[in-house]
$ cat model_13.csv   # CSV, C-alpha atoms
chain,number,residue,atom,x,y,z
A,1,MET,CA,124.7,106.0,129.0
A,2,GLY,CA,125.4,109.5,128.0
A,3,LEU,CA,124.4,111.5,124.9
A,4,THR,CA,122.9,109.9,121.8
A,5,ILE,CA,121.8,111.3,118.4
A,6,GLY,CA,118.3,110.8,117.0
A,7,VAL,CA,117.7,111.0,113.3
A,8,ASP,CA,114.3,111.8,111.7
A,9,ILE,CA,114.1,111.2,108.0
A,10,GLY,CA,111.5,113.5,106.5
A,11,GLY,CA,110.3,113.9,102.9
A,12,THR,CA,112.1,117.2,102.5
A,13,LYS,CA,114.8,117.2,105.2
A,14,ILE,CA,116.8,114.9,107.4
A,15,ALA,CA,117.2,116.1,111.0
A,16,ALA,CA,119.7,114.9,113.5
A,17,GLY,CA,119.8,116.0,117.1
A,18,VAL,CA,121.9,115.4,120.2
A,19,VAL,CA,119.6,114.3,123.0
A,20,ASP,CA,120.4,113.8,126.7
A,21,GLU,CA,118.9,111.2,129.0
A,22,GLU,CA,116.2,113.6,130.1
A,23,GLY,CA,114.9,114.0,126.5
A,24,THR,CA,116.4,117.5,126.0
A,25,ILE,CA,117.7,118.3,122.5
A,26,LEU,CA,121.1,119.9,122.9
A,27,SER,CA,121.9,120.6,119.2
A,28,THR,CA,120.5,119.8,115.8
A,29,HIS,CA,121.7,119.7,112.2
A,30,LYS,CA,119.5,119.4,109.1
A,31,VAL,CA,120.2,118.5,105.5
A,32,PRO,CA,117.9,118.2,102.5
A,33,THR,CA,116.5,114.8,101.8
A,34,PRO,CA,118.1,113.6,98.5
A,35,GLY,CA,116.4,111.3,95.9
A,36,THR,CA,118.2,108.0,95.9
A,37,PRO,CA,118.8,105.4,98.7
A,38,GLU,CA,122.5,105.7,98.7
A,39,GLU,CA,122.4,109.5,98.8
A,40,ILE,CA,120.1,109.3,101.7
A,41,VAL,CA,122.6,107.2,103.6
A,42,ASP,CA,125.2,109.8,102.9
A,43,ALA,CA,122.9,112.6,104.0
A,44,ILE,CA,122.1,110.7,107.3
A,45,ALA,CA,125.9,110.5,108.0
A,46,SER,CA,126.3,114.2,107.1
A,47,ALA,CA,123.5,115.2,109.5
A,48,VAL,CA,124.9,113.1,112.3
A,49,GLU,CA,128.4,114.6,111.9
A,50,GLY,CA,126.9,118.1,111.9
A,51,ALA,CA,125.0,117.5,115.1
A,52,ARG,CA,127.7,115.6,117.0
A,53,ALA,CA,130.3,118.4,116.8
A,54,GLY,CA,131.5,119.2,120.3
A,55,HIS,CA,129.7,116.4,121.9
A,56,ASP,CA,130.8,112.9,123.1
A,57,ILE,CA,128.2,110.6,121.5
A,58,VAL,CA,127.6,107.0,122.4
A,59,GLY,CA,125.1,105.9,119.8
A,60,VAL,CA,122.7,106.8,117.0
A,61,GLY,CA,119.0,106.0,116.6
A,62,ILE,CA,117.4,106.4,113.2
A,63,GLY,CA,113.6,106.7,112.7
A,64,ALA,CA,112.7,105.3,109.3
A,65,ALA,CA,109.2,105.1,107.7
A,66,GLY,CA,108.8,101.5,106.8
A,67,TYR,CA,109.1,97.9,108.1
A,68,VAL,CA,112.2,97.5,110.2
A,69,ASN,CA,113.4,94.1,111.3
A,70,ARG,CA,113.3,93.0,114.9
A,71,GLN,CA,117.1,93.3,115.2
A,72,ARG,CA,116.7,97.0,114.5
A,73,SER,CA,119.2,96.8,111.7
A,74,GLU,CA,117.5,96.4,108.3
A,75,VAL,CA,114.6,98.1,106.6
A,76,TYR,CA,112.5,95.4,104.9
A,77,PHE,CA,110.4,97.8,102.9
A,78,ALA,CA,110.0,101.6,102.9
A,79,PRO,CA,107.0,103.1,101.0
A,80,ASN,CA,108.6,106.4,100.1
A,81,ILE,CA,112.2,105.4,99.7
A,82,HIS,CA,113.3,102.6,97.4
A,83,TRP,CA,114.7,100.6,100.4
A,84,ARG,CA,114.2,96.8,100.0
A,85,ASN,CA,116.0,94.7,102.6
A,86,GLU,CA,118.3,97.7,103.2
A,87,PRO,CA,121.1,97.1,105.7
A,88,LEU,CA,120.8,100.6,107.0
A,89,LYS,CA,122.5,100.0,110.4
A,90,GLU,CA,125.6,98.5,108.7
A,91,LYS,CA,125.9,101.3,106.1
A,92,VAL,CA,125.5,104.2,108.5
A,93,GLU,CA,127.8,102.7,111.1
A,94,ALA,CA,130.5,102.4,108.5
A,95,ARG,CA,130.2,106.1,107.8
A,96,VAL,CA,129.9,107.5,111.3
A,97,GLY,CA,131.9,105.1,113.4
A,98,LEU,CA,129.2,104.8,116.1
A,99,PRO,CA,126.7,102.1,117.2
A,100,VAL,CA,123.5,102.6,115.3
A,101,VAL,CA,120.0,101.2,115.8
A,102,VAL,CA,117.1,101.6,113.3
A,103,GLU,CA,113.5,102.0,114.4
A,104,ASN,CA,110.2,102.5,112.7
A,105,ASP,CA,109.5,106.2,112.8
A,106,ALA,CA,106.1,105.8,114.4
A,107,ASN,CA,107.5,103.5,117.0
A,108,ALA,CA,110.2,106.1,117.8
A,109,ALA,CA,107.6,108.9,118.1
A,110,ALA,CA,105.5,106.7,120.3
A,111,TRP,CA,108.5,106.0,122.6
A,112,GLY,CA,109.3,109.7,122.8
A,113,GLU,CA,105.8,110.6,123.9
A,114,TYR,CA,105.6,107.7,126.3
A,115,LYS,CA,109.0,108.5,127.9
A,116,PHE,CA,109.1,112.3,127.8
A,117,GLY,CA,105.7,113.6,126.7
A,118,ALA,CA,102.0,112.9,127.2
A,119,GLY,CA,102.6,109.2,128.2
A,120,LYS,CA,104.7,110.0,131.3
A,121,GLY,CA,103.3,108.1,134.3
A,122,HIS,CA,101.6,105.4,132.1
A,123,ARG,CA,102.8,101.8,131.7
A,124,ASN,CA,100.5,100.8,128.9
A,125,VAL,CA,100.0,103.2,126.1
A,126,ILE,CA,98.9,103.1,122.5
A,127,CYS,CA,100.1,105.9,120.2
A,128,ILE,CA,98.8,106.8,116.8
A,129,THR,CA,100.2,109.4,114.5
A,130,LEU,CA,97.7,111.2,112.3
A,131,GLY,CA,99.6,112.8,109.4
A,132,THR,CA,99.6,112.1,105.6
A,133,GLY,CA,99.0,108.5,106.7
A,134,LEU,CA,98.4,106.8,110.0
A,135,GLY,CA,101.1,105.2,112.1
A,136,GLY,CA,101.2,103.7,115.5
A,137,GLY,CA,103.2,102.3,118.4
A,138,VAL,CA,102.5,100.0,121.3
A,139,ILE,CA,104.0,100.3,124.8
A,140,ILE,CA,102.9,97.5,127.1
A,141,GLY,CA,104.5,97.0,130.5
A,142,ASN,CA,106.9,99.9,129.9
A,143,LYS,CA,108.3,98.2,126.8
A,144,LEU,CA,108.0,99.0,123.2
A,145,ARG,CA,106.4,96.0,121.5
A,146,ARG,CA,107.6,95.4,118.0
A,147,GLY,CA,106.2,92.0,117.4
A,148,HIS,CA,108.0,88.8,116.4
A,149,PHE,CA,109.3,90.1,113.1
A,150,GLY,CA,109.6,93.7,114.2
A,151,VAL,CA,106.7,95.1,112.1
A,152,ALA,CA,103.9,95.3,114.6
A,153,ALA,CA,101.6,98.3,115.1
A,154,GLU,CA,101.1,99.2,111.4
A,155,PHE,CA,97.6,100.3,112.4
A,156,GLY,CA,97.1,102.4,109.3
A,157,HIS,CA,96.7,99.2,107.3
A,158,ILE,CA,94.1,97.5,109.4
A,159,ARG,CA,91.2,96.9,107.0
A,160,MET,CA,88.3,98.9,108.4
A,161,VAL,CA,86.1,98.6,105.3
A,162,PRO,CA,86.0,95.4,103.3
A,163,ASP,CA,86.5,96.2,99.6
A,164,GLY,CA,86.8,99.8,100.6
A,165,LEU,CA,89.0,102.6,99.2
A,166,LEU,CA,92.2,101.5,97.5
A,167,CYS,CA,95.3,102.1,99.6
A,168,GLY,CA,98.8,102.9,98.5
A,169,CYS,CA,99.9,99.6,100.2
A,170,GLY,CA,97.8,97.7,97.6
A,171,SER,CA,95.0,96.7,99.9
A,172,GLN,CA,91.5,98.1,100.2
A,173,GLY,CA,89.7,99.8,103.0
A,174,CYS,CA,92.7,100.5,105.2
A,175,TRP,CA,92.1,102.7,108.3
A,176,GLU,CA,94.4,105.4,107.0
A,177,GLN,CA,92.2,105.9,104.0
A,178,TYR,CA,89.5,107.1,106.4
A,179,ALA,CA,91.6,108.6,109.2
A,180,SER,CA,94.5,110.7,108.0
A,181,GLY,CA,95.4,114.0,106.5
A,182,ARG,CA,94.6,112.7,103.0
A,183,ALA,CA,91.2,111.6,104.2
A,184,LEU,CA,90.5,115.0,105.8
A,185,VAL,CA,91.2,116.8,102.5
A,186,ARG,CA,89.0,114.3,100.6
A,187,TYR,CA,86.1,114.8,103.0
A,188,ALA,CA,86.5,118.6,102.6
A,189,LYS,CA,86.6,118.5,98.8
A,190,GLN,CA,83.5,116.2,98.6
A,191,ARG,CA,81.5,118.4,101.0
A,192,ALA,CA,82.6,121.7,99.4
A,193,ASN,CA,81.6,120.3,96.0
A,194,ALA,CA,78.2,119.2,97.3
A,195,THR,CA,77.4,122.3,99.4
A,196,PRO,CA,79.6,125.2,98.3
A,197,GLU,CA,77.4,127.7,100.1
A,198,GLN,CA,78.5,126.1,103.4
A,199,ALA,CA,82.2,126.3,102.5
A,200,GLN,CA,82.7,130.0,101.6
A,201,THR,CA,85.6,130.5,104.0
A,202,LEU,CA,87.2,127.2,103.1
A,203,LEU,CA,87.0,127.9,99.3
A,204,SER,CA,88.3,131.5,99.7
A,205,LEU,CA,91.5,130.2,101.2
A,206,GLY,CA,92.4,128.2,98.1
A,207,ASP,CA,91.7,129.0,94.4
A,208,GLY,CA,87.9,129.1,94.9
A,209,SER,CA,87.3,125.5,93.7
A,210,PRO,CA,87.0,122.3,95.7
A,211,GLU,CA,89.9,120.9,93.8
A,212,GLY,CA,92.1,123.7,95.2
A,213,ILE,CA,91.5,122.8,98.9
A,214,GLU,CA,94.6,121.8,100.8
A,215,GLY,CA,95.0,120.5,104.4
A,216,LYS,CA,96.1,123.8,105.7
A,217,HIS,CA,93.0,125.4,104.3
A,218,VAL,CA,90.8,122.9,106.2
A,219,SER,CA,92.4,123.6,109.5
A,220,MET,CA,92.3,127.4,109.0
A,221,ALA,CA,88.7,127.4,107.9
A,222,ALA,CA,87.6,125.1,110.8
A,223,ARG,CA,89.2,127.5,113.3
A,224,GLN,CA,87.0,130.2,111.7
A,225,GLY,CA,83.9,128.1,112.1
A,226,ASP,CA,83.4,127.1,108.4
A,227,ARG,CA,80.7,124.4,108.5
A,228,VAL,CA,82.2,122.2,105.8
A,229,ALA,CA,85.6,122.3,107.4
A,230,VAL,CA,84.3,121.5,110.9
A,231,ASP,CA,82.1,118.7,109.5
A,232,SER,CA,85.2,117.2,107.7
A,233,TYR,CA,87.1,117.1,111.0
A,234,ARG,CA,84.1,115.4,112.7
A,235,GLU,CA,84.1,112.8,109.9
A,236,LEU,CA,87.8,112.2,110.4
A,237,ALA,CA,87.3,111.9,114.2
A,238,ARG,CA,84.4,109.4,113.7
A,239,TRP,CA,86.8,107.0,112.0
A,240,VAL,CA,89.7,107.7,114.4
A,241,GLY,CA,87.5,107.0,117.5
A,242,ALA,CA,86.0,103.9,116.0
A,243,GLY,CA,89.5,102.5,115.4
A,244,LEU,CA,90.7,103.4,118.9
A,245,ALA,CA,87.7,101.5,120.3
A,246,ASP,CA,88.9,98.4,118.3
A,247,LEU,CA,92.4,98.9,119.7
A,248,ALA,CA,91.0,99.1,123.2
A,249,SER,CA,89.5,95.7,122.7
A,250,LEU,CA,92.9,94.3,121.7
A,251,PHE,CA,95.3,96.1,124.1
A,252,ASP,CA,93.3,97.7,126.9
A,253,PRO,CA,95.7,100.6,127.5
A,254,SER,CA,95.4,103.2,130.2
A,255,ALA,CA,95.8,105.9,127.5
A,256,PHE,CA,95.8,106.6,123.8
A,257,ILE,CA,98.1,109.4,122.6
A,258,VAL,CA,97.2,111.1,119.4
A,259,GLY,CA,100.1,112.7,117.6
A,260,GLY,CA,101.1,113.7,114.1
A,261,GLY,CA,100.3,116.9,112.3
A,262,LEU,CA,96.6,116.7,112.7
A,263,SER,CA,96.9,116.6,116.5
A,264,ASP,CA,98.3,120.2,116.4
A,265,GLU,CA,94.6,121.3,116.1
A,266,GLY,CA,94.1,120.3,119.7
A,267,GLU,CA,90.5,120.1,120.9
A,268,LEU,CA,89.2,120.7,117.4
A,269,VAL,CA,90.1,117.1,116.6
A,270,LEU,CA,90.6,115.6,120.1
A,271,GLY,CA,87.1,116.4,121.4
A,272,PRO,CA,85.3,114.7,118.6
A,273,ILE,CA,87.7,111.7,118.7
A,274,ARG,CA,86.9,111.2,122.4
A,275,LYS,CA,83.2,111.3,121.7
A,276,SER,CA,83.5,108.8,118.8
A,277,TYR,CA,85.7,106.5,120.9
A,278,ARG,CA,83.1,106.4,123.7
A,279,ARG,CA,80.4,105.8,121.2
A,280,TRP,CA,82.0,102.7,119.7
A,281,LEU,CA,83.8,101.3,122.8
A,282,VAL,CA,82.1,98.0,123.7
A,283,GLY,CA,80.7,98.2,127.2
A,284,GLY,CA,81.8,101.8,127.4
A,285,ASN,CA,79.2,102.7,130.1
A,286,TRP,CA,80.3,99.9,132.4
A,287,ARG,CA,84.1,99.7,132.1
A,288,PRO,CA,87.1,101.9,132.8
A,289,VAL,CA,87.8,104.1,129.8
A,290,ALA,CA,91.3,104.9,128.6
A,291,GLU,CA,92.2,108.6,128.3
A,292,VAL,CA,92.6,110.1,124.9
A,293,LEU,CA,95.5,112.6,125.1
A,294,GLY,CA,97.1,114.9,122.7
A,295,ALA,CA,100.8,114.5,122.0
A,296,GLN,CA,103.1,117.0,123.7
A,297,LEU,CA,106.4,116.8,121.7
A,298,GLY,CA,105.1,117.7,118.3
A,299,ASN,CA,107.5,117.0,115.4
A,300,LYS,CA,110.3,116.4,117.9
A,301,ALA,CA,108.9,113.1,119.2
A,302,GLY,CA,110.4,110.9,116.5
A,303,LEU,CA,113.9,112.4,116.9
A,304,VAL,CA,113.8,112.3,120.7
A,305,GLY,CA,112.4,108.8,120.7
A,306,ALA,CA,114.9,107.4,118.3
A,307,ALA,CA,117.8,108.9,120.3
A,308,ASP,CA,116.5,107.4,123.5
A,309,LEU,CA,115.9,104.0,121.9
A,310,ALA,CA,119.5,103.9,121.0
A,311,ARG,CA,120.2,103.5,124.7
A,312,GLU,CA,117.7,100.6,125.0
A,313,PRO,CA,119.1,97.0,125.1
A,314,ASP,CA,118.8,94.9,122.0
A,315,PRO,CA,115.3,93.5,122.0
A,316,ILE,CA,116.5,90.0,120.8
A,317,MET,CA,117.4,88.1,124.0
$ encode --input "model_13.csv" --output "C-alpha cells"
Amino acid sequence: MGLTIGVDIGGTKIAAGVVDEEGTILSTHKVPTPGTPEEIVDAIASAVEGARAGHDIVGVGIGAAGYVNRQRSEVYFAPNIHWRNEPLKEKVEARVGLPVVVENDANAAAWGEYKFGAGKGHRNVICITLGTGLGGGVIIGNKLRRGHFGVAAEFGHIRMVPDGLLCGCGSQGCWEQYASGRALVRYAKQRANATPEQAQTLLSLGDGSPEGIEGKHVSMAARQGDRVAVDSYRELARWVGAGLADLASLFDPSAFIVGGGLSDEGELVLGPIRKSYRRWLVGGNWRPVAEVLGAQLGNKAGLVGAADLAREPDPIM
C-alpha cells in the first residue's frame, strides 16, 4: 500500500514517522505535547505534516493511551489527556487530508513487535509493556484482537489482589500496582527505608534518602549489584511472572514479549520473570512452555506498529 505515518503521543513529545512496509522509519518529526485536547490535535497534525514532507503518504496511524473504539476512530477515555468520547480520527483527518486510524498505544506497540521485532515467526503472541503502568496486546492467529468493543488487553487493570493497593483507575489491587515502574520504585523505597545499610549504592545516586529514589537510580544501582535494587527487581519480576502464568491459562500463546522501558534492562528483569513464570504456570513441568522474549524495537515499537496498522483493513466486517 505504500508509505504510512505512525504517531506516538508521549507525555512530553508527539513523534510522527514515515514507515515503509518493511517497518523501516524513513523520516521523523517531533513536537512538544501541549496541555489541552484541542492543542494536542493541532500538534498531531503539525507532526504529521513535518514528517510527510517529500513523501507520498497513503494513511496515518495514531497510537493513543486509552480506550479506543472498535472502529478505530474514537477515544472513549484517556487517563492522561482529557479525552472523553473524542472523535480523534475525524478531527485529524480534517487537518491532514489523509485517512487516519486510531489505535490503543499498547496494541500498536504489540503489533510492531509481532510484525517486525521479537514476535517475527510467531502466530500467537501476548505482549506486555512495563513502563510507568502496564499495558498489553493480543495477537492470535496473526490478527490483533481488540475485543467486541475495542478495549481488550487492558492487562494492567486485572485485579491481582482483592482489596489491594488503590489504582489510578479507581479500582484496587490492579496488576500494574505490583508490576510497573511505579511499583519498582515503591519496592526500592520500602526496602531502602527498612535496610539502608544494604542500599548504599542506591541511596548515593539520589539525595541520600529513600524518598529521593527514582526509577533510573534503581536500574543503575542494580547493575552495580546493590542488594536492595536487585531485590526490588526480583519482587517486580515475581508479580510479572505470576501474571504471565495467568495469561497463559487464558490464551496459550507461543511467546510472551516484554516491552516498555523496564525491558531495557534485559536479563536483569527477564531472567527473574522467566523463573517466576515457570514457578506459577499450572502444569508447567508437563506442558509446553511459551517463550518469554525481550522486545526488540524499543520506544519505536508504537510508532512503527501504528503506521503498519494504518494499512490493515477495517476490523469491522
$ closest_residue --input "model_13.csv" --among "A:Leu130, A:Cys169, A:Val151, A:Ala242" --to "A:Tyr67" --atoms "all atoms listed in the file"
A:Val151
$ residues_around --input "model_13.csv" --residues "stretch 186-203 of chain A" --least-positions-apart "6" --cutoff "6 Å" --atoms "only C-alpha atoms" --output "MDAnalysis selection string"
chainID A and resid 210 221 226:228 232
$ residues_around --input "model_13.csv" --residues "A:Pro37" --least-positions-apart "2" --cutoff "9 Å" --atoms "all atoms listed in the file" --output "tab-separated table (two decimals) with C-alpha atoms, keeping the file's coordinate frame"
chain	number	residue	atom	x	y	z
A	34	PRO	CA	118.10	113.60	98.50
A	35	GLY	CA	116.40	111.30	95.90
A	39	GLU	CA	122.40	109.50	98.80
A	40	ILE	CA	120.10	109.30	101.70
A	41	VAL	CA	122.60	107.20	103.60
A	42	ASP	CA	125.20	109.80	102.90
A	81	ILE	CA	112.20	105.40	99.70
A	82	HIS	CA	113.30	102.60	97.40
A	83	TRP	CA	114.70	100.60	100.40
A	86	GLU	CA	118.30	97.70	103.20
$ closest_residue --input "model_13.csv" --among "A:Arg278, A:Leu3, A:Gly243, A:Gly141" --to "A:Met160" --atoms "only C-alpha atoms"
A:Gly243
$ atom_distance --input "model_13.csv" --atom1 "atom CA of A:Arg72" --atom2 "atom CA of A:Glu90"
10.7 Å
$ closest_residue --input "model_13.csv" --among "A:Leu134, A:Ala222, A:Ala53, A:Ala310" --to "A:Lys89" --atoms "all atoms listed in the file"
A:Ala310
$ atom_distance --input "model_13.csv" --atom1 "atom CA of A:Pro272" --atom2 "atom CA of A:Gly137"
21.8 Å
$ residues_around --input "model_13.csv" --residues "A:Ile57" --least-positions-apart "6" --cutoff "10 Å" --atoms "all atoms listed in the file" --output "ChimeraX atom specification"
/A:1-5,18-20,51,98-99
$ atom_distance --input "model_13.csv" --atom1 "atom CA of A:Val7" --atom2 "atom CA of A:Gly63"
6.0 Å
$ closest_residue --input "model_13.csv" --among "A:Asp252, A:Glu265, A:Asp308, A:Glu176" --to "A:Ser219" --atoms "only C-alpha atoms"
A:Glu265
$ closest_residue --input "model_13.csv" --among "A:Pro315, A:Gly133, A:Gly23, A:Gly147" --to "A:Cys174" --atoms "all atoms listed in the file"
A:Gly133
$ closest_residue --input "model_13.csv" --among "A:Leu184, A:Val269, A:Val101, A:Ala78" --to "A:Val58" --atoms "all atoms listed in the file"
A:Val101
$ residues_around --input "model_13.csv" --residues "stretch 296-304 of chain A" --least-positions-apart "2" --cutoff "10 Å" --atoms "all atoms listed in the file" --output "NGL selection string"
:A and (4-9 or 15-25 or 28 or 61-64 or 103-119 or 257-261 or 263-264 or 293-294 or 306-309)
$ build_atoms --input "model_13.csv" --residues "stretch 271-282 of chain A" --atoms "all heavy atoms" --output "PDB file, in the coordinates of the input"
ATOM      1  N   GLY A 271      88.470 116.485 120.832  1.00  0.00           N
ATOM      2  CA  GLY A 271      87.100 116.400 121.400  1.00  0.00           C
ATOM      3  C   GLY A 271      86.233 115.440 120.668  1.00  0.00           C
ATOM      4  O   GLY A 271      85.652 114.513 121.259  1.00  0.00           O
ATOM      5  N   PRO A 272      86.090 115.613 119.352  1.00  0.00           N
ATOM      6  CA  PRO A 272      85.300 114.700 118.600  1.00  0.00           C
ATOM      7  C   PRO A 272      85.822 113.244 118.581  1.00  0.00           C
ATOM      8  O   PRO A 272      85.044 112.287 118.524  1.00  0.00           O
ATOM      9  CB  PRO A 272      85.286 115.265 117.169  1.00  0.00           C
ATOM     10  CG  PRO A 272      85.539 116.719 117.371  1.00  0.00           C
ATOM     11  CD  PRO A 272      86.464 116.792 118.548  1.00  0.00           C
ATOM     12  N   ILE A 273      87.142 113.075 118.647  1.00  0.00           N
ATOM     13  CA  ILE A 273      87.700 111.700 118.700  1.00  0.00           C
ATOM     14  C   ILE A 273      87.254 111.040 120.011  1.00  0.00           C
ATOM     15  O   ILE A 273      86.844 109.871 120.010  1.00  0.00           O
ATOM     16  CB  ILE A 273      89.238 111.750 118.619  1.00  0.00           C
ATOM     17  CG1 ILE A 273      89.678 112.075 117.187  1.00  0.00           C
ATOM     18  CG2 ILE A 273      89.837 110.407 119.047  1.00  0.00           C
ATOM     19  CD1 ILE A 273      91.178 112.273 117.030  1.00  0.00           C
ATOM     20  N   ARG A 274      87.336 111.769 121.125  1.00  0.00           N
ATOM     21  CA  ARG A 274      86.900 111.200 122.400  1.00  0.00           C
ATOM     22  C   ARG A 274      85.432 110.781 122.348  1.00  0.00           C
ATOM     23  O   ARG A 274      85.046 109.711 122.836  1.00  0.00           O
ATOM     24  CB  ARG A 274      87.135 112.191 123.537  1.00  0.00           C
ATOM     25  CG  ARG A 274      88.589 112.482 123.831  1.00  0.00           C
ATOM     26  CD  ARG A 274      88.734 113.332 125.090  1.00  0.00           C
ATOM     27  NE  ARG A 274      90.120 113.760 125.258  1.00  0.00           N
ATOM     28  CZ  ARG A 274      90.569 114.982 124.998  1.00  0.00           C
ATOM     29  NH1 ARG A 274      89.715 115.928 124.566  1.00  0.00           N
ATOM     30  NH2 ARG A 274      91.831 115.286 125.158  1.00  0.00           N
ATOM     31  N   LYS A 275      84.618 111.634 121.761  1.00  0.00           N
ATOM     32  CA  LYS A 275      83.200 111.300 121.700  1.00  0.00           C
ATOM     33  C   LYS A 275      82.952 110.086 120.834  1.00  0.00           C
ATOM     34  O   LYS A 275      82.159 109.204 121.215  1.00  0.00           O
ATOM     35  CB  LYS A 275      82.460 112.537 121.057  1.00  0.00           C
ATOM     36  CG  LYS A 275      80.949 112.359 120.985  1.00  0.00           C
ATOM     37  CD  LYS A 275      80.290 113.621 120.439  1.00  0.00           C
ATOM     38  CE  LYS A 275      78.770 113.455 120.361  1.00  0.00           C
ATOM     39  NZ  LYS A 275      78.127 114.697 119.829  1.00  0.00           N
ATOM     40  N   SER A 276      83.625 109.974 119.703  1.00  0.00           N
ATOM     41  CA  SER A 276      83.500 108.800 118.800  1.00  0.00           C
ATOM     42  C   SER A 276      84.007 107.549 119.542  1.00  0.00           C
ATOM     43  O   SER A 276      83.393 106.473 119.464  1.00  0.00           O
ATOM     44  CB  SER A 276      84.205 109.026 117.522  1.00  0.00           C
ATOM     45  OG  SER A 276      84.189 107.866 116.726  1.00  0.00           O
ATOM     46  N   TYR A 277      85.130 107.676 120.214  1.00  0.00           N
ATOM     47  CA  TYR A 277      85.700 106.500 120.900  1.00  0.00           C
ATOM     48  C   TYR A 277      84.727 105.989 121.951  1.00  0.00           C
ATOM     49  O   TYR A 277      84.490 104.772 122.020  1.00  0.00           O
ATOM     50  CB  TYR A 277      87.014 106.998 121.593  1.00  0.00           C
ATOM     51  CG  TYR A 277      87.586 106.035 122.603  1.00  0.00           C
ATOM     52  CD1 TYR A 277      87.904 104.728 122.249  1.00  0.00           C
ATOM     53  CD2 TYR A 277      87.819 106.439 123.920  1.00  0.00           C
ATOM     54  CE1 TYR A 277      88.433 103.845 123.175  1.00  0.00           C
ATOM     55  CE2 TYR A 277      88.354 105.567 124.840  1.00  0.00           C
ATOM     56  CZ  TYR A 277      88.654 104.274 124.475  1.00  0.00           C
ATOM     57  OH  TYR A 277      89.168 103.407 125.393  1.00  0.00           O
ATOM     58  N   ARG A 278      84.116 106.867 122.744  1.00  0.00           N
ATOM     59  CA  ARG A 278      83.100 106.400 123.700  1.00  0.00           C
ATOM     60  C   ARG A 278      81.915 105.809 123.048  1.00  0.00           C
ATOM     61  O   ARG A 278      81.320 104.849 123.560  1.00  0.00           O
ATOM     62  CB  ARG A 278      82.720 107.595 124.622  1.00  0.00           C
ATOM     63  CG  ARG A 278      83.802 108.125 125.539  1.00  0.00           C
ATOM     64  CD  ARG A 278      84.216 107.100 126.587  1.00  0.00           C
ATOM     65  NE  ARG A 278      83.130 106.721 127.459  1.00  0.00           N
ATOM     66  CZ  ARG A 278      82.922 107.241 128.668  1.00  0.00           C
ATOM     67  NH1 ARG A 278      83.740 108.180 129.150  1.00  0.00           N
ATOM     68  NH2 ARG A 278      81.927 106.833 129.418  1.00  0.00           N
ATOM     69  N   ARG A 279      81.559 106.348 121.908  1.00  0.00           N
ATOM     70  CA  ARG A 279      80.400 105.800 121.200  1.00  0.00           C
ATOM     71  C   ARG A 279      80.598 104.387 120.749  1.00  0.00           C
ATOM     72  O   ARG A 279      79.667 103.564 120.800  1.00  0.00           O
ATOM     73  CB  ARG A 279      80.126 106.726 119.956  1.00  0.00           C
ATOM     74  CG  ARG A 279      79.267 106.120 118.857  1.00  0.00           C
ATOM     75  CD  ARG A 279      77.812 105.935 119.279  1.00  0.00           C
ATOM     76  NE  ARG A 279      77.002 105.401 118.195  1.00  0.00           N
ATOM     77  CZ  ARG A 279      76.932 104.106 117.857  1.00  0.00           C
ATOM     78  NH1 ARG A 279      77.638 103.205 118.536  1.00  0.00           N
ATOM     79  NH2 ARG A 279      76.159 103.706 116.859  1.00  0.00           N
ATOM     80  N   TRP A 280      81.801 104.055 120.304  1.00  0.00           N
ATOM     81  CA  TRP A 280      82.000 102.700 119.700  1.00  0.00           C
ATOM     82  C   TRP A 280      82.702 101.751 120.678  1.00  0.00           C
ATOM     83  O   TRP A 280      82.838 100.569 120.339  1.00  0.00           O
ATOM     84  CB  TRP A 280      82.913 102.870 118.469  1.00  0.00           C
ATOM     85  CG  TRP A 280      82.239 103.633 117.378  1.00  0.00           C
ATOM     86  CD1 TRP A 280      82.494 104.905 116.963  1.00  0.00           C
ATOM     87  CD2 TRP A 280      81.137 103.182 116.580  1.00  0.00           C
ATOM     88  NE1 TRP A 280      81.645 105.283 115.957  1.00  0.00           N
ATOM     89  CE2 TRP A 280      80.795 104.238 115.695  1.00  0.00           C
ATOM     90  CE3 TRP A 280      80.411 101.992 116.516  1.00  0.00           C
ATOM     91  CZ2 TRP A 280      79.766 104.128 114.769  1.00  0.00           C
ATOM     92  CZ3 TRP A 280      79.383 101.885 115.594  1.00  0.00           C
ATOM     93  CH2 TRP A 280      79.075 102.944 114.734  1.00  0.00           C
ATOM     94  N   LEU A 281      83.088 102.187 121.871  1.00  0.00           N
ATOM     95  CA  LEU A 281      83.800 101.300 122.800  1.00  0.00           C
ATOM     96  C   LEU A 281      82.756 100.300 123.393  1.00  0.00           C
ATOM     97  O   LEU A 281      81.759 100.685 124.002  1.00  0.00           O
ATOM     98  CB  LEU A 281      84.380 102.131 123.949  1.00  0.00           C
ATOM     99  CG  LEU A 281      85.159 101.347 125.006  1.00  0.00           C
ATOM    100  CD1 LEU A 281      86.397 100.703 124.380  1.00  0.00           C
ATOM    101  CD2 LEU A 281      85.559 102.271 126.161  1.00  0.00           C
ATOM    102  N   VAL A 282      83.029  99.028 123.214  1.00  0.00           N
ATOM    103  CA  VAL A 282      82.100  98.000 123.700  1.00  0.00           C
ATOM    104  C   VAL A 282      82.070  98.011 125.218  1.00  0.00           C
ATOM    105  O   VAL A 282      83.104  97.989 125.894  1.00  0.00           O
ATOM    106  CB  VAL A 282      82.593  96.596 123.211  1.00  0.00           C
ATOM    107  CG1 VAL A 282      81.694  95.498 123.782  1.00  0.00           C
ATOM    108  CG2 VAL A 282      82.596  96.528 121.691  1.00  0.00           C
TER     109      VAL A 282
END
